[in-house]
Amino acid sequence: MPQLSTTRRVCHAASDMFDLVADVERYPEFVPLCQSLTVRKRTKEGAKEVIVADMTIAYKLIRETFTSRVTLDRPNMEILVQYLEGPFRQLNNRWRFRAVEARLCDVDFFIAYEFRSRTLGMLMGAVFDAAFRRFAGAFERRADEVYGAKPA
């Protein structure tokens with residue numbers, strides 16, 4: 001099963017990066033392959049917020065929609081994404097945000113996925129791998145736009 005794990009040190013507060021990743025409705029504006037995202041439901045589970053959302057990914061003539069459960073765990077500065085339905089056999093995604101200084105944090109990104117269809121996996125596997133490798137950078141660039149560019 002393909003997976004990617006990376007840690008990036010970014011010049012933004014951990015809480016700002018958490019907020020940016022938690023703002024799922026904005027993903028179509030900057031996330032690679034994300035054509036649209038619709039929130040089905042938002043609930044609170046203690047200190048955590050849970051979002052159920054449909055994301056449509058598109059590349060050339062291929063368009064697929066999948067549903068995920070996103071758990072926003074602000075006290076632990078962690079966002080967990082659990083796959084519910086769609087073209088994958090499984091998809092797991094985790095973000096962790098660790099403050100280093102006031103405007104400096106480490107962002108841990110992990111994703112593992114497997115397509116349900118072998119054919120779709122062969123068609124989209126390389127594209128997904130490349131897109132997921134660009135995810136962390138896309139969020140860092142978005143943070144620079146939203147919170148201000150990195151200090152010189």
# chains A, B, ... in the order shown; residues from 1 in each chain; ligands from 1

call {"tool": "residues_around", "arguments": {"residues": "segment 36-46 of chain A", "least_positions_apart": "5", "cutoff": "7 Å", "atoms": "only C-alpha atoms", "output": "ChimeraX atom specification"}}
result
/A:25,28,51-56

call {"tool": "write_last_selection", "arguments": {"atoms": "N, CA, C and O atoms", "output": "PDB file, in the first residue's frame"}}
result
ATOM      1  N   GLU A  25     -13.210  23.433   3.922  1.00  0.00           N
ATOM      2  CA  GLU A  25     -14.017  24.046   2.857  1.00  0.00           C
ATOM      3  C   GLU A  25     -13.165  24.812   1.853  1.00  0.00           C
ATOM      4  O   GLU A  25     -13.569  25.010   0.705  1.00  0.00           O
ATOM      5  N   PRO A  28     -10.511  23.243  -2.123  1.00  0.00           N
ATOM      6  CA  PRO A  28     -10.531  23.369  -3.588  1.00  0.00           C
ATOM      7  C   PRO A  28      -9.721  24.564  -4.112  1.00  0.00           C
ATOM      8  O   PRO A  28      -9.328  24.579  -5.273  1.00  0.00           O
ATOM      9  N   ILE A  51     -15.930  16.279  11.454  1.00  0.00           N
ATOM     10  CA  ILE A  51     -16.517  16.707  10.181  1.00  0.00           C
ATOM     11  C   ILE A  51     -16.638  15.475   9.288  1.00  0.00           C
ATOM     12  O   ILE A  51     -15.685  14.701   9.163  1.00  0.00           O
ATOM     13  N   VAL A  52     -17.787  15.310   8.657  1.00  0.00           N
ATOM     14  CA  VAL A  52     -17.944  14.298   7.616  1.00  0.00           C
ATOM     15  C   VAL A  52     -18.068  15.081   6.317  1.00  0.00           C
ATOM     16  O   VAL A  52     -18.920  15.973   6.202  1.00  0.00           O
ATOM     17  N   ALA A  53     -17.183  14.776   5.361  1.00  0.00           N
ATOM     18  CA  ALA A  53     -17.125  15.571   4.139  1.00  0.00           C
ATOM     19  C   ALA A  53     -16.919  14.696   2.907  1.00  0.00           C
ATOM     20  O   ALA A  53     -16.309  13.627   2.982  1.00  0.00           O
ATOM     21  N   ASP A  54     -17.440  15.194   1.792  1.00  0.00           N
ATOM     22  CA  ASP A  54     -17.222  14.565   0.480  1.00  0.00           C
ATOM     23  C   ASP A  54     -16.204  15.400  -0.277  1.00  0.00           C
ATOM     24  O   ASP A  54     -16.385  16.613  -0.427  1.00  0.00           O
ATOM     25  N   MET A  55     -15.137  14.764  -0.736  1.00  0.00           N
ATOM     26  CA  MET A  55     -14.142  15.446  -1.545  1.00  0.00           C
ATOM     27  C   MET A  55     -14.158  14.840  -2.942  1.00  0.00           C
ATOM     28  O   MET A  55     -14.134  13.612  -3.083  1.00  0.00           O
ATOM     29  N   THR A  56     -14.219  15.688  -3.944  1.00  0.00           N
ATOM     30  CA  THR A  56     -14.133  15.226  -5.327  1.00  0.00           C
ATOM     31  C   THR A  56     -12.747  15.565  -5.842  1.00  0.00           C
ATOM     32  O   THR A  56     -12.304  16.711  -5.774  1.00  0.00           O
TER      33      THR A  56
END

call {"tool": "closest_residue", "arguments": {"among": "A:Ala58, A:Arg69, A:Val127, A:Ser117", "to": "Asn92 of chain A", "atoms": "only C-alpha atoms"}}
result
A:Arg69

call {"tool": "closest_atom_pairs", "arguments": {"of": "segment 50-150 of chain A", "to": "segment 2-7 of chain A", "cutoff": "7 Å", "atoms": "only C-alpha atoms", "output": "Markdown table"}}
result
| residue | atom | partner | partner_atom | distance |
| --- | --- | --- | --- | --- |
| A:Asp106 | CA | A:Thr7 | CA | 6.4 |
| A:Val107 | CA | A:Thr7 | CA | 5.4 |
| A:Asp108 | CA | A:Thr7 | CA | 4.4 |
| A:Phe109 | CA | A:Thr6 | CA | 5.3 |
| A:Phe110 | CA | A:Ser5 | CA | 4.3 |
| A:Ile111 | CA | A:Leu4 | CA | 5.4 |
| A:Ala112 | CA | A:Gln3 | CA | 4.0 |
| A:Tyr113 | CA | A:Pro2 | CA | 5.8 |
| A:Glu114 | CA | A:Pro2 | CA | 6.7 |

call {"tool": "write_last_selection", "arguments": {"atoms": "N, CA, C and O atoms", "output": "compact mmCIF listing (two decimals), in the first residue's frame"}}
result
# COMPACT_ATOMS: atom_id res chain seq x y z
N ASP A 106 6.75 22.37 13.67
CA ASP A 106 6.95 21.18 12.83
C ASP A 106 5.58 20.62 12.49
O ASP A 106 4.73 20.48 13.36
N VAL A 107 5.39 20.34 11.22
CA VAL A 107 4.15 19.75 10.73
C VAL A 107 4.47 18.35 10.24
O VAL A 107 5.25 18.17 9.31
N ASP A 108 3.87 17.36 10.89
CA ASP A 108 4.01 15.96 10.48
C ASP A 108 2.81 15.61 9.62
O ASP A 108 1.66 15.85 10.03
N PHE A 109 3.07 15.03 8.46
CA PHE A 109 2.01 14.63 7.54
C PHE A 109 2.21 13.17 7.19
O PHE A 109 3.32 12.75 6.84
N PHE A 110 1.15 12.37 7.31
CA PHE A 110 1.20 10.95 6.96
C PHE A 110 -0.04 10.62 6.15
O PHE A 110 -1.15 11.05 6.48
N ILE A 111 0.15 9.86 5.09
CA ILE A 111 -1.00 9.35 4.33
C ILE A 111 -0.66 7.97 3.80
O ILE A 111 0.48 7.70 3.38
N ALA A 112 -1.64 7.08 3.86
CA ALA A 112 -1.53 5.74 3.28
C ALA A 112 -2.84 5.47 2.56
O ALA A 112 -3.92 5.81 3.07
N TYR A 113 -2.76 4.92 1.36
CA TYR A 113 -3.97 4.70 0.59
C TYR A 113 -3.82 3.49 -0.33
O TYR A 113 -2.72 3.10 -0.70
N GLU A 114 -4.96 2.92 -0.66
CA GLU A 114 -5.02 1.82 -1.62
C GLU A 114 -6.34 1.93 -2.37
O GLU A 114 -7.40 2.04 -1.75

call {"tool": "atom_distance", "arguments": {"atom1": "atom CA of Phe66 of chain A", "atom2": "atom CA of Phe135 of chain A"}}
result
17.6 Å

call {"tool": "select_by_dssp", "arguments": {"residues": "segment 16-101 of chain A", "states": "strand (DSSP E)", "output": "NGL selection string"}}
result
:A and (34-45 or 48-59 or 62-73 or 78-85 or 88-101)

call {"tool": "decode", "arguments": {"residues": "segment 96-145 of chain A", "atoms": "N, CA and C atoms", "output": "mmCIF file, in the first residue's frame"}}
result
data_model
loop_
_atom_site.group_PDB
_atom_site.id
_atom_site.type_symbol
_atom_site.label_atom_id
_atom_site.label_comp_id
_atom_site.auth_asym_id
_atom_site.auth_seq_id
_atom_site.Cartn_x
_atom_site.Cartn_y
_atom_site.Cartn_z
ATOM 1 N N ARG A 96 0.014 16.291 12.399
ATOM 2 C CA ARG A 96 0.375 16.667 13.765
ATOM 3 C C ARG A 96 1.155 17.980 13.701
ATOM 4 N N PHE A 97 0.900 18.843 14.658
ATOM 5 C CA PHE A 97 1.506 20.173 14.680
ATOM 6 C C PHE A 97 2.214 20.358 16.018
ATOM 7 N N ARG A 98 3.526 20.608 15.985
ATOM 8 C CA ARG A 98 4.318 20.771 17.205
ATOM 9 C C ARG A 98 5.003 22.134 17.202
ATOM 10 N N ALA A 99 4.676 22.946 18.195
ATOM 11 C CA ALA A 99 5.298 24.265 18.306
ATOM 12 C C ALA A 99 6.777 24.118 18.628
ATOM 13 N N VAL A 100 7.579 24.909 17.943
ATOM 14 C CA VAL A 100 9.012 24.982 18.214
ATOM 15 C C VAL A 100 9.294 26.324 18.888
ATOM 16 N N GLU A 101 8.726 27.375 18.317
ATOM 17 C CA GLU A 101 8.771 28.732 18.864
ATOM 18 C C GLU A 101 7.407 29.350 18.572
ATOM 19 N N ALA A 102 7.240 30.623 18.907
ATOM 20 C CA ALA A 102 5.943 31.276 18.708
ATOM 21 C C ALA A 102 5.486 31.211 17.254
ATOM 22 N N ARG A 103 6.384 31.485 16.298
ATOM 23 C CA ARG A 103 6.017 31.456 14.883
ATOM 24 C C ARG A 103 6.867 30.446 14.123
ATOM 25 N N LEU A 104 7.036 29.282 14.733
ATOM 26 C CA LEU A 104 7.807 28.208 14.108
ATOM 27 C C LEU A 104 7.256 26.887 14.623
ATOM 28 N N CYS A 105 6.932 25.982 13.707
ATOM 29 C CA CYS A 105 6.417 24.682 14.149
ATOM 30 C C CYS A 105 6.832 23.589 13.182
ATOM 31 N N ASP A 106 6.750 22.367 13.665
ATOM 32 C CA ASP A 106 6.954 21.185 12.834
ATOM 33 C C ASP A 106 5.584 20.625 12.485
ATOM 34 N N VAL A 107 5.394 20.339 11.216
ATOM 35 C CA VAL A 107 4.145 19.752 10.731
ATOM 36 C C VAL A 107 4.466 18.345 10.235
ATOM 37 N N ASP A 108 3.869 17.360 10.894
ATOM 38 C CA ASP A 108 4.010 15.964 10.483
ATOM 39 C C ASP A 108 2.809 15.606 9.624
ATOM 40 N N PHE A 109 3.065 15.028 8.461
ATOM 41 C CA PHE A 109 2.011 14.630 7.536
ATOM 42 C C PHE A 109 2.214 13.165 7.191
ATOM 43 N N PHE A 110 1.151 12.371 7.310
ATOM 44 C CA PHE A 110 1.196 10.950 6.958
ATOM 45 C C PHE A 110 -0.042 10.620 6.150
ATOM 46 N N ILE A 111 0.145 9.857 5.087
ATOM 47 C CA ILE A 111 -1.000 9.353 4.327
ATOM 48 C C ILE A 111 -0.656 7.966 3.797
ATOM 49 N N ALA A 112 -1.641 7.081 3.856
ATOM 50 C CA ALA A 112 -1.531 5.743 3.280
ATOM 51 C C ALA A 112 -2.840 5.471 2.561
ATOM 52 N N TYR A 113 -2.759 4.920 1.362
ATOM 53 C CA TYR A 113 -3.973 4.698 0.589
ATOM 54 C C TYR A 113 -3.820 3.492 -0.334
ATOM 55 N N GLU A 114 -4.965 2.921 -0.664
ATOM 56 C CA GLU A 114 -5.021 1.820 -1.617
ATOM 57 C C GLU A 114 -6.345 1.930 -2.367
ATOM 58 N N PHE A 115 -6.276 1.940 -3.681
ATOM 59 C CA PHE A 115 -7.489 2.005 -4.486
ATOM 60 C C PHE A 115 -8.223 0.677 -4.451
ATOM 61 N N ARG A 116 -9.549 0.754 -4.494
ATOM 62 C CA ARG A 116 -10.388 -0.442 -4.520
ATOM 63 C C ARG A 116 -10.208 -1.179 -5.853
ATOM 64 N N SER A 117 -10.166 -0.421 -6.931
ATOM 65 C CA SER A 117 -10.029 -0.975 -8.270
ATOM 66 C C SER A 117 -8.559 -1.001 -8.693
ATOM 67 N N ARG A 118 -8.110 -2.137 -9.123
ATOM 68 C CA ARG A 118 -6.727 -2.280 -9.602
ATOM 69 C C ARG A 118 -6.497 -1.377 -10.818
ATOM 70 N N THR A 119 -7.508 -1.270 -11.683
ATOM 71 C CA THR A 119 -7.395 -0.438 -12.878
ATOM 72 C C THR A 119 -7.244 1.037 -12.497
ATOM 73 N N LEU A 120 -8.088 1.510 -11.586
ATOM 74 C CA LEU A 120 -7.990 2.898 -11.151
ATOM 75 C C LEU A 120 -6.647 3.139 -10.464
ATOM 76 N N GLY A 121 -6.196 2.171 -9.706
ATOM 77 C CA GLY A 121 -4.891 2.273 -9.054
ATOM 78 C C GLY A 121 -3.768 2.413 -10.065
ATOM 79 N N MET A 122 -3.857 1.655 -11.156
ATOM 80 C CA MET A 122 -2.835 1.746 -12.195
ATOM 81 C C MET A 122 -2.913 3.098 -12.919
ATOM 82 N N LEU A 123 -4.134 3.573 -13.173
ATOM 83 C CA LEU A 123 -4.313 4.855 -13.859
ATOM 84 C C LEU A 123 -3.903 6.045 -12.992
ATOM 85 N N MET A 124 -4.287 6.005 -11.713
ATOM 86 C CA MET A 124 -4.131 7.171 -10.851
ATOM 87 C C MET A 124 -2.988 7.057 -9.842
ATOM 88 N N GLY A 125 -2.426 5.884 -9.684
ATOM 89 C CA GLY A 125 -1.412 5.686 -8.651
ATOM 90 C C GLY A 125 -0.272 6.689 -8.698
ATOM 91 N N ALA A 126 0.349 6.843 -9.848
ATOM 92 C CA ALA A 126 1.490 7.765 -9.976
ATOM 93 C C ALA A 126 1.047 9.213 -9.776
ATOM 94 N N VAL A 127 -0.146 9.549 -10.280
ATOM 95 C CA VAL A 127 -0.661 10.915 -10.135
ATOM 96 C C VAL A 127 -0.921 11.217 -8.662
ATOM 97 N N PHE A 128 -1.545 10.279 -7.947
ATOM 98 C CA PHE A 128 -1.816 10.477 -6.525
ATOM 99 C C PHE A 128 -0.520 10.586 -5.741
ATOM 100 N N ASP A 129 0.424 9.721 -6.045
ATOM 101 C CA ASP A 129 1.690 9.755 -5.330
ATOM 102 C C ASP A 129 2.343 11.131 -5.492
ATOM 103 N N ALA A 130 2.375 11.649 -6.709
ATOM 104 C CA ALA A 130 2.961 12.972 -6.962
ATOM 105 C C ALA A 130 2.168 14.063 -6.250
ATOM 106 N N ALA A 131 0.832 13.981 -6.288
ATOM 107 C CA ALA A 131 -0.005 14.998 -5.640
ATOM 108 C C ALA A 131 0.204 14.982 -4.122
ATOM 109 N N PHE A 132 0.213 13.797 -3.517
ATOM 110 C CA PHE A 132 0.390 13.708 -2.074
ATOM 111 C C PHE A 132 1.760 14.228 -1.657
ATOM 112 N N ARG A 133 2.756 14.043 -2.491
ATOM 113 C CA ARG A 133 4.097 14.566 -2.189
ATOM 114 C C ARG A 133 4.100 16.097 -2.210
ATOM 115 N N ARG A 134 3.148 16.697 -2.913
ATOM 116 C CA ARG A 134 3.056 18.157 -2.986
ATOM 117 C C ARG A 134 2.117 18.736 -1.916
ATOM 118 N N PHE A 135 1.395 17.896 -1.185
ATOM 119 C CA PHE A 135 0.407 18.374 -0.201
ATOM 120 C C PHE A 135 1.017 19.305 0.840
ATOM 121 N N ALA A 136 2.068 18.838 1.514
ATOM 122 C CA ALA A 136 2.637 19.633 2.600
ATOM 123 C C ALA A 136 3.092 20.992 2.080
ATOM 124 N N GLY A 137 3.708 21.017 0.917
ATOM 125 C CA GLY A 137 4.150 22.274 0.321
ATOM 126 C C GLY A 137 2.982 23.180 -0.025
ATOM 127 N N ALA A 138 1.880 22.601 -0.485
ATOM 128 C CA ALA A 138 0.694 23.393 -0.833
ATOM 129 C C ALA A 138 0.127 24.069 0.415
ATOM 130 N N PHE A 139 0.120 23.364 1.528
ATOM 131 C CA PHE A 139 -0.385 23.957 2.768
ATOM 132 C C PHE A 139 0.572 25.029 3.288
ATOM 133 N N GLU A 140 1.864 24.802 3.123
ATOM 134 C CA GLU A 140 2.834 25.810 3.556
ATOM 135 C C GLU A 140 2.702 27.089 2.719
ATOM 136 N N ARG A 141 2.549 26.947 1.415
ATOM 137 C CA ARG A 141 2.348 28.125 0.545
ATOM 138 C C ARG A 141 1.057 28.846 0.907
ATOM 139 N N ARG A 142 0.001 28.078 1.193
ATOM 140 C CA ARG A 142 -1.265 28.687 1.585
ATOM 141 C C ARG A 142 -1.106 29.465 2.900
ATOM 142 N N ALA A 143 -0.347 28.903 3.847
ATOM 143 C CA ALA A 143 -0.106 29.599 5.117
ATOM 144 C C ALA A 143 0.622 30.921 4.875
ATOM 145 N N ASP A 144 1.575 30.918 3.951
ATOM 146 C CA ASP A 144 2.285 32.160 3.621
ATOM 147 C C ASP A 144 1.313 33.205 3.079
ATOM 148 N N GLU A 145 0.341 32.768 2.266
ATOM 149 C CA GLU A 145 -0.655 33.693 1.711
ATOM 150 C C GLU A 145 -1.590 34.224 2.799
#
